[in-house]
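What's in structure.cif: mmCIF, C-alpha atoms
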```
data_final
loop_
_atom_site.label_atom_id
_atom_site.label_comp_id
_atom_site.auth_asym_id
_atom_site.auth_seq_id
_atom_site.Cartn_x
_atom_site.Cartn_y
_atom_site.Cartn_z
CA MET A 1 27.82 49.87 -69.64
CA ASP A 2 31.50 49.63 -68.79
CA LEU A 3 31.77 46.74 -66.34
CA GLY A 4 35.14 47.96 -65.09
CA ILE A 5 36.88 44.60 -65.39
CA ARG A 6 38.99 45.07 -68.50
CA GLY A 7 42.35 43.39 -67.98
CA LYS A 8 41.11 41.13 -65.18
CA ARG A 9 41.91 37.42 -65.43
CA ALA A 10 38.97 35.01 -65.23
CA LEU A 11 38.78 31.25 -64.83
CA VAL A 12 35.60 29.68 -66.22
CA SER A 13 35.15 25.94 -65.81
CA ALA A 14 33.10 23.74 -68.16
CA SER A 15 33.23 26.57 -70.67
CA SER A 16 33.54 24.90 -74.07
CA LYS A 17 29.76 25.10 -74.59
CA GLY A 18 26.46 25.92 -72.95
CA LEU A 19 26.16 28.32 -70.04
CA GLY A 20 29.87 28.20 -69.27
CA ARG A 21 30.64 29.33 -72.79
CA GLY A 22 28.10 32.12 -72.47
CA CYS A 23 29.88 33.37 -69.35
CA ALA A 24 33.31 33.13 -70.98
CA GLU A 25 32.11 35.09 -74.02
CA ALA A 26 30.52 37.83 -71.91
CA LEU A 27 33.63 38.21 -69.76
CA ALA A 28 35.82 38.35 -72.87
CA GLU A 29 33.54 41.03 -74.31
CA ALA A 30 34.10 43.01 -71.09
CA GLY A 31 37.85 42.79 -71.71
CA CYS A 32 38.86 39.92 -69.41
CA ASP A 33 41.64 37.51 -70.27
CA LEU A 34 40.43 33.95 -69.83
CA VAL A 35 41.48 30.58 -68.53
CA MET A 36 39.00 28.09 -69.97
CA ASN A 37 38.55 24.50 -68.88
CA ALA A 38 36.58 21.52 -70.14
CA ARG A 39 37.15 17.81 -70.53
CA GLY A 40 37.00 17.72 -74.35
CA ALA A 41 40.13 19.26 -75.87
CA GLU A 42 38.79 19.71 -79.41
CA ALA A 43 35.58 21.54 -78.48
CA LEU A 44 37.45 23.61 -75.89
CA GLU A 45 40.11 24.82 -78.31
CA GLU A 46 37.52 25.55 -80.99
CA THR A 47 35.53 27.74 -78.59
CA ALA A 48 38.68 29.41 -77.27
CA GLN A 49 39.86 30.32 -80.76
CA ALA A 50 36.46 31.76 -81.62
CA ILE A 51 36.67 33.96 -78.50
CA ARG A 52 40.24 35.05 -79.34
CA ASP A 53 39.23 36.01 -82.85
CA ARG A 54 36.09 37.85 -81.80
CA PHE A 55 37.23 39.72 -78.69
CA GLN A 56 41.02 39.97 -79.04
CA VAL A 57 41.74 38.72 -75.51
CA SER A 58 44.22 36.18 -74.21
CA VAL A 59 42.73 32.72 -73.71
CA THR A 60 44.52 29.84 -71.98
CA THR A 61 42.93 26.41 -72.34
CA VAL A 62 43.27 23.43 -70.02
CA ALA A 63 41.56 20.22 -71.11
CA ALA A 64 41.10 18.28 -67.89
CA ASP A 65 38.49 16.85 -65.55
CA ILE A 66 38.36 19.56 -62.92
CA VAL A 67 36.46 17.26 -60.55
CA SER A 68 39.59 15.10 -60.17
CA GLU A 69 42.42 16.28 -57.96
CA GLN A 70 44.93 15.91 -60.78
CA GLY A 71 42.75 17.80 -63.26
CA ARG A 72 42.09 20.57 -60.77
CA ALA A 73 45.81 20.89 -60.05
CA GLU A 74 46.52 21.24 -63.79
CA VAL A 75 43.91 23.98 -64.14
CA LEU A 76 45.13 25.90 -61.09
CA GLU A 77 48.77 25.70 -62.18
CA ALA A 78 47.92 27.10 -65.61
CA ALA A 79 45.58 29.72 -64.16
CA GLY A 80 47.99 31.49 -61.83
CA ALA A 81 46.58 34.62 -60.20
CA ILE A 82 42.85 34.79 -60.89
CA ASP A 83 40.58 37.79 -60.27
CA ILE A 84 37.29 36.20 -61.34
CA LEU A 85 36.19 32.60 -60.80
CA VAL A 86 33.12 31.09 -62.44
CA THR A 87 32.44 27.53 -61.31
CA ASN A 88 30.28 25.25 -63.40
CA ALA A 89 29.64 21.54 -63.78
CA GLY A 90 27.01 19.38 -65.40
CA GLY A 91 24.30 18.02 -63.16
CA PRO A 92 24.08 14.40 -62.02
CA PRO A 93 21.55 12.07 -63.67
CA PRO A 94 17.85 12.13 -62.76
CA GLY A 95 16.07 9.30 -61.00
CA LEU A 96 13.91 8.26 -58.07
CA TRP A 97 14.84 8.62 -54.41
CA SER A 98 15.14 4.83 -54.19
CA ASP A 99 17.62 4.60 -57.08
CA TRP A 100 20.65 6.17 -55.47
CA GLU A 101 23.32 4.66 -53.28
CA ARG A 102 26.07 6.29 -51.25
CA GLU A 103 28.47 6.30 -54.20
CA ASP A 104 25.98 8.22 -56.33
CA PHE A 105 25.77 10.94 -53.70
CA ILE A 106 29.56 11.08 -53.35
CA LYS A 107 29.92 11.64 -57.12
CA ALA A 108 27.29 14.39 -57.05
CA LEU A 109 28.93 16.08 -54.07
CA ASP A 110 32.36 15.90 -55.72
CA ALA A 111 31.15 17.57 -58.91
CA ASN A 112 28.57 20.05 -57.67
CA MET A 113 29.71 20.96 -54.17
CA LEU A 114 33.26 19.95 -53.27
CA THR A 115 34.93 21.01 -56.54
CA PRO A 116 33.58 24.59 -56.41
CA ILE A 117 34.60 24.77 -52.75
CA ALA A 118 38.11 23.53 -53.58
CA LEU A 119 38.48 26.15 -56.32
CA MET A 120 37.31 28.92 -54.00
CA LYS A 121 39.71 27.81 -51.27
CA ALA A 122 42.59 27.76 -53.76
CA LEU A 123 41.91 31.11 -55.43
CA MET A 124 40.24 33.38 -52.89
CA PRO A 125 43.33 33.89 -50.71
CA GLY A 126 45.02 35.63 -53.64
CA MET A 127 41.92 37.73 -54.24
CA ILE A 128 41.87 38.71 -50.58
CA GLU A 129 45.55 39.65 -50.69
CA ARG A 130 44.94 41.86 -53.75
CA GLY A 131 41.78 43.35 -52.23
CA TRP A 132 39.45 42.46 -55.11
CA GLY A 133 37.77 39.35 -56.46
CA ARG A 134 34.57 37.91 -57.84
CA VAL A 135 33.18 34.39 -57.62
CA VAL A 136 30.03 33.21 -59.37
CA ASN A 137 28.86 29.63 -58.90
CA ILE A 138 26.45 28.29 -61.51
CA THR A 139 24.04 26.10 -59.57
CA SER A 140 20.36 25.48 -60.40
CA GLN A 141 16.83 26.72 -59.87
CA SER A 142 16.38 23.53 -57.83
CA VAL A 143 18.15 25.30 -54.95
CA LYS A 144 15.03 27.45 -54.57
CA ALA A 145 12.46 24.82 -55.55
CA PRO A 146 13.72 21.21 -55.45
CA ILE A 147 12.96 19.12 -58.53
CA PRO A 148 11.73 15.65 -57.48
CA VAL A 149 13.66 13.64 -60.10
CA LEU A 150 16.89 15.58 -59.45
CA GLY A 151 17.48 14.55 -55.85
CA LEU A 152 21.23 14.18 -56.33
CA SER A 153 21.49 17.68 -57.75
CA ASN A 154 19.13 19.11 -55.13
CA SER A 155 21.31 17.73 -52.35
CA ALA A 156 24.74 18.71 -53.66
CA ARG A 157 23.80 22.18 -54.85
CA ALA A 158 21.96 22.96 -51.63
CA GLY A 159 25.14 22.06 -49.76
CA LEU A 160 27.17 24.46 -51.89
CA THR A 161 24.57 27.17 -51.31
CA GLY A 162 24.92 26.78 -47.56
CA TYR A 163 28.69 27.00 -47.78
CA VAL A 164 28.55 30.14 -49.90
CA ALA A 165 26.01 31.79 -47.60
CA GLY A 166 28.50 31.81 -44.75
CA THR A 167 31.71 32.21 -46.73
CA ALA A 168 30.52 35.17 -48.82
CA ARG A 169 29.85 37.18 -45.69
CA GLN A 170 33.33 36.49 -44.33
CA VAL A 171 35.29 37.54 -47.41
CA ALA A 172 33.22 40.55 -48.57
CA GLN A 173 35.16 42.86 -46.24
CA HIS A 174 38.25 42.11 -48.34
CA GLY A 175 36.59 43.11 -51.61
CA VAL A 176 35.87 39.52 -52.62
CA ILE A 177 32.26 39.10 -53.70
CA VAL A 178 30.67 35.64 -53.96
CA ASN A 179 27.24 34.89 -55.43
CA ASN A 180 25.35 32.06 -57.11
CA LEU A 181 23.46 32.03 -60.41
CA LEU A 182 20.49 29.67 -60.55
CA PRO A 183 19.60 28.82 -64.15
CA GLY A 184 16.30 27.46 -65.28
CA ILE A 185 15.95 25.80 -68.67
CA HIS A 186 18.22 27.24 -71.37
CA ALA A 187 18.77 26.28 -74.98
CA THR A 188 21.78 24.04 -74.29
CA ASP A 189 22.71 20.38 -74.75
CA ARG A 190 21.18 19.70 -71.33
CA ALA A 191 17.79 20.95 -72.53
CA GLN A 192 18.15 18.90 -75.70
CA SER A 193 18.81 15.82 -73.60
CA LEU A 194 15.84 16.45 -71.30
CA ASP A 195 13.52 17.07 -74.23
CA GLY A 196 14.85 13.95 -75.92
CA GLY A 197 13.96 11.89 -72.86
CA VAL A 198 10.39 13.23 -72.86
CA SER A 199 10.15 12.63 -76.59
CA GLN A 200 11.14 8.98 -76.24
CA GLN A 201 9.05 8.28 -73.16
CA GLU A 202 5.87 9.80 -74.53
CA GLY A 203 6.29 9.09 -78.22
CA ILE A 204 6.13 12.74 -79.25
CA SER A 205 8.38 14.89 -81.41
CA MET A 206 11.24 16.93 -80.00
CA GLU A 207 9.39 20.05 -81.11
CA GLU A 208 6.31 19.09 -79.11
CA ALA A 209 8.41 18.20 -76.06
CA ARG A 210 10.07 21.61 -76.18
CA ALA A 211 6.77 23.40 -76.75
CA ARG A 212 5.29 21.71 -73.68
CA ARG A 213 8.21 22.78 -71.53
CA GLU A 214 8.16 26.32 -72.88
CA ALA A 215 4.48 26.56 -71.97
CA THR A 216 5.43 26.11 -68.29
CA ILE A 217 7.76 29.15 -68.40
CA PRO A 218 6.14 32.59 -68.02
CA ALA A 219 8.57 34.00 -70.61
CA ARG A 220 7.32 31.23 -72.96
CA ARG A 221 10.79 30.40 -74.23
CA TYR A 222 14.10 28.90 -73.22
CA GLY A 223 16.87 31.19 -72.06
CA THR A 224 19.97 31.78 -74.17
CA ARG A 225 23.58 31.33 -73.21
CA GLU A 226 24.25 34.93 -74.26
CA GLU A 227 21.80 36.53 -71.81
CA PHE A 228 22.91 34.17 -69.05
CA GLY A 229 26.53 35.12 -69.72
CA GLN A 230 25.78 38.83 -69.53
CA THR A 231 24.09 38.32 -66.15
CA CYS A 232 27.18 36.49 -64.93
CA ALA A 233 29.45 39.26 -66.24
CA PHE A 234 27.47 41.88 -64.33
CA LEU A 235 27.89 39.93 -61.08
CA CYS A 236 31.62 39.89 -61.83
CA SER A 237 31.72 43.62 -62.47
CA GLN A 238 32.77 46.61 -60.38
CA HIS A 239 29.07 47.45 -60.03
CA ALA A 240 28.22 44.30 -58.05
CA GLY A 241 30.31 45.00 -54.96
CA PHE A 242 27.29 45.35 -52.67
CA ILE A 243 25.59 42.11 -53.82
CA VAL A 244 26.83 39.50 -51.37
CA GLY A 245 25.92 35.84 -50.94
CA GLN A 246 22.84 35.99 -53.16
CA ASN A 247 21.10 33.31 -55.22
CA LEU A 248 19.85 34.89 -58.43
CA LEU A 249 17.26 32.98 -60.46
CA VAL A 250 17.66 33.19 -64.23
CA ASP A 251 14.68 31.09 -65.23
CA GLY A 252 12.18 33.19 -67.14
CA GLY A 253 9.91 33.26 -64.10
CA ALA A 254 9.52 29.48 -63.96
CA THR A 255 10.15 29.21 -60.22
CA ASN A 256 6.91 30.44 -58.70
CA MET A 257 7.76 32.14 -55.43
CA THR A 258 7.74 35.56 -53.79
CA LEU A 259 11.25 35.53 -52.26
#
```
Could you show the structure in this file as structure tokens?
Amino acid sequence: MDLGIRGKRALVSASSKGLGRGCAEALAEAGCDLVMNARGAEALEETAQAIRDRFQVSVTTVAADIVSEQGRAEVLEAAGAIDILVTNAGGPPPGLWSDWEREDFIKALDANMLTPIALMKALMPGMIERGWGRVVNITSQSVKAPIPVLGLSNSARAGLTGYVAGTARQVAQHGVIVNNLLPGIHATDRAQSLDGGVSQQEGISMEEARARREATIPARRYGTREEFGQTCAFLCSQHAGFIVGQNLLVDGGATNMTL
């Protein structure tokens, strides 16, 4: 399927690896030029060069912490006029409700709510002026079904979801389409870390920890960055113009609900 976005310019944050990389690769395959951001310069440039070589698109890299005002300013200056924005950030650490203080919540809000909002505010006016734009925020399945040990993530991502719900319906008339992707467990470093924690706590192998988690997923496997990226690319395509303010689960059926 021709996604109709060849020649568009896309900014993908936290895109040196994992789900962000999957989105960057899928958009490059669709013909988009990229602005890629991550904190680690070496991994970022390595991924960017692999995408250049494979898809023959222009890739600009900005190694910076996009959660900081200075880092965000560097990314936005390098990005220029952007047609497609994919926001992404790692989740805050797990814990118990009694573990977290105000500062912990502020950090989670900065990374998982306020930074995506700041990027949307900076880039959507240009999209509105040009009459076309796409925004996809990578959040979490916890928006639909809160995960007890991820209270910081639950809180910050739910706040972003509320913001998008109202904002998406205000900008759709200008051809700017905003949606959220809610990943479940995927074969990324995050999954490796979670499985490692279970392995250490319970004295089992990494293979057994993964097998246990896979058994809780109706698809009986972890997702891949490639299939997640293709889902993101579709939401960024010309075919997604009537999908507004939605929260799409990509979790292999793990979140057990009707709506």
Give as a PDB file with C-alpha atoms, in the frame of the given file each residue that has an atom at most 9 Å from (46.1, 34.5, -65.3) in the file, counting only C-alpha atoms.
```
ATOM      1  CA  LYS A   8      41.110  41.130 -65.180  1.00  0.00           C
ATOM      2  CA  ARG A   9      41.910  37.420 -65.430  1.00  0.00           C
ATOM      3  CA  ALA A  10      38.970  35.010 -65.230  1.00  0.00           C
ATOM      4  CA  LEU A  11      38.780  31.250 -64.830  1.00  0.00           C
ATOM      5  CA  ASP A  33      41.640  37.510 -70.270  1.00  0.00           C
ATOM      6  CA  LEU A  34      40.430  33.950 -69.830  1.00  0.00           C
ATOM      7  CA  VAL A  35      41.480  30.580 -68.530  1.00  0.00           C
ATOM      8  CA  THR A  60      44.520  29.840 -71.980  1.00  0.00           C
ATOM      9  CA  ALA A  78      47.920  27.100 -65.610  1.00  0.00           C
ATOM     10  CA  ALA A  79      45.580  29.720 -64.160  1.00  0.00           C
ATOM     11  CA  GLY A  80      47.990  31.490 -61.830  1.00  0.00           C
ATOM     12  CA  ALA A  81      46.580  34.620 -60.200  1.00  0.00           C
ATOM     13  CA  ILE A  82      42.850  34.790 -60.890  1.00  0.00           C
ATOM     14  CA  ASP A  83      40.580  37.790 -60.270  1.00  0.00           C
TER      15      ASP A  83
END
```
For segment 42-70 of chain A versus segment 106-126 of chain A, which residues have an atom no more than 9 Å away, and what is each residue's nearest atom pair and distance in Å rounded to one decimal, using only C-alpha atoms, chain-then-number order, as a Markdown table?
```
| residue | atom | partner | partner_atom | distance |
| --- | --- | --- | --- | --- |
| A:Ile66 | CA | A:Thr115 | CA | 7.4 |
| A:Val67 | CA | A:Ala111 | CA | 5.6 |
| A:Ser68 | CA | A:Thr115 | CA | 8.4 |
| A:Glu69 | CA | A:Thr115 | CA | 9.0 |
```
| note | The distance between atom CA of Glu202 of chain A and atom CA of Thr139 of chain A is 28.6 Å
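Each of A:Val135, A:Met36, A:Val86, A:Leu235 was compared to Glu74 of chain A using all atoms listed in the file, and A:Met36 turns out to be the nearest.
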Taking (28.5, 30.6, -64.1) in the file's coordinates, which residues come within 10 Å, counting only C-alpha atoms, written as a PDB file with C-alpha atoms, in the coordinates of the input?
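Okay, this is what ended up in selection.pdb:
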```
ATOM      1  CA  VAL A  12      35.600  29.680 -66.220  1.00  0.00           C
ATOM      2  CA  SER A  13      35.150  25.940 -65.810  1.00  0.00           C
ATOM      3  CA  ALA A  14      33.100  23.740 -68.160  1.00  0.00           C
ATOM      4  CA  SER A  15      33.230  26.570 -70.670  1.00  0.00           C
ATOM      5  CA  LEU A  19      26.160  28.320 -70.040  1.00  0.00           C
ATOM      6  CA  GLY A  20      29.870  28.200 -69.270  1.00  0.00           C
ATOM      7  CA  ARG A  21      30.640  29.330 -72.790  1.00  0.00           C
ATOM      8  CA  GLY A  22      28.100  32.120 -72.470  1.00  0.00           C
ATOM      9  CA  CYS A  23      29.880  33.370 -69.350  1.00  0.00           C
ATOM     10  CA  ALA A  24      33.310  33.130 -70.980  1.00  0.00           C
ATOM     11  CA  LEU A  85      36.190  32.600 -60.800  1.00  0.00           C
ATOM     12  CA  VAL A  86      33.120  31.090 -62.440  1.00  0.00           C
ATOM     13  CA  THR A  87      32.440  27.530 -61.310  1.00  0.00           C
ATOM     14  CA  ASN A  88      30.280  25.250 -63.400  1.00  0.00           C
ATOM     15  CA  ALA A  89      29.640  21.540 -63.780  1.00  0.00           C
ATOM     16  CA  VAL A 135      33.180  34.390 -57.620  1.00  0.00           C
ATOM     17  CA  VAL A 136      30.030  33.210 -59.370  1.00  0.00           C
ATOM     18  CA  ASN A 137      28.860  29.630 -58.900  1.00  0.00           C
ATOM     19  CA  ILE A 138      26.450  28.290 -61.510  1.00  0.00           C
ATOM     20  CA  THR A 139      24.040  26.100 -59.570  1.00  0.00           C
ATOM     21  CA  ASN A 179      27.240  34.890 -55.430  1.00  0.00           C
ATOM     22  CA  ASN A 180      25.350  32.060 -57.110  1.00  0.00           C
ATOM     23  CA  LEU A 181      23.460  32.030 -60.410  1.00  0.00           C
ATOM     24  CA  LEU A 182      20.490  29.670 -60.550  1.00  0.00           C
ATOM     25  CA  PRO A 183      19.600  28.820 -64.150  1.00  0.00           C
ATOM     26  CA  PHE A 228      22.910  34.170 -69.050  1.00  0.00           C
ATOM     27  CA  GLY A 229      26.530  35.120 -69.720  1.00  0.00           C
ATOM     28  CA  THR A 231      24.090  38.320 -66.150  1.00  0.00           C
ATOM     29  CA  CYS A 232      27.180  36.490 -64.930  1.00  0.00           C
ATOM     30  CA  ALA A 233      29.450  39.260 -66.240  1.00  0.00           C
ATOM     31  CA  LEU A 235      27.890  39.930 -61.080  1.00  0.00           C
TER      32      LEU A 235
END
```
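Minimum atom-to-atom distance to Arg102 of chain A, evaluated using all atoms listed in the file, belongs to A:Leu152 out of A:Ala43, A:Leu152, A:Val250, A:Ala211.
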| Neighbour list for segment 167-177 of chain A as an MDAnalysis selection string, cut-off 6 Å, all atoms listed in the file, skip fewer than 3 positions in-chain | chainID A and resid 128 131:134 164 244:245
| query | Interatomic distance between atom CA of Leu160 of chain A and atom CA of Phe105 of chain A? | reply |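 Atom-to-atom, atom CA of Leu160 of chain A to atom CA of Phe105 of chain A, that is 13.7 Å.
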| request: Give the answer as one residue: which of A:Phe234, A:Tyr163, A:Trp97, A:Tyr222 has the shortest atom-to-atom distance to Leu27 of chain A, using only C-alpha atoms? | output: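 Selected residue with least distance to Leu27 of chain A: A:Phe234.
Among A:Gly223, A:Ala64, A:Met1, A:Gly91, the residue with the shortest atom-to-atom distance to Asn154 of chain A, counting all atoms listed in the file, is A:Gly91.
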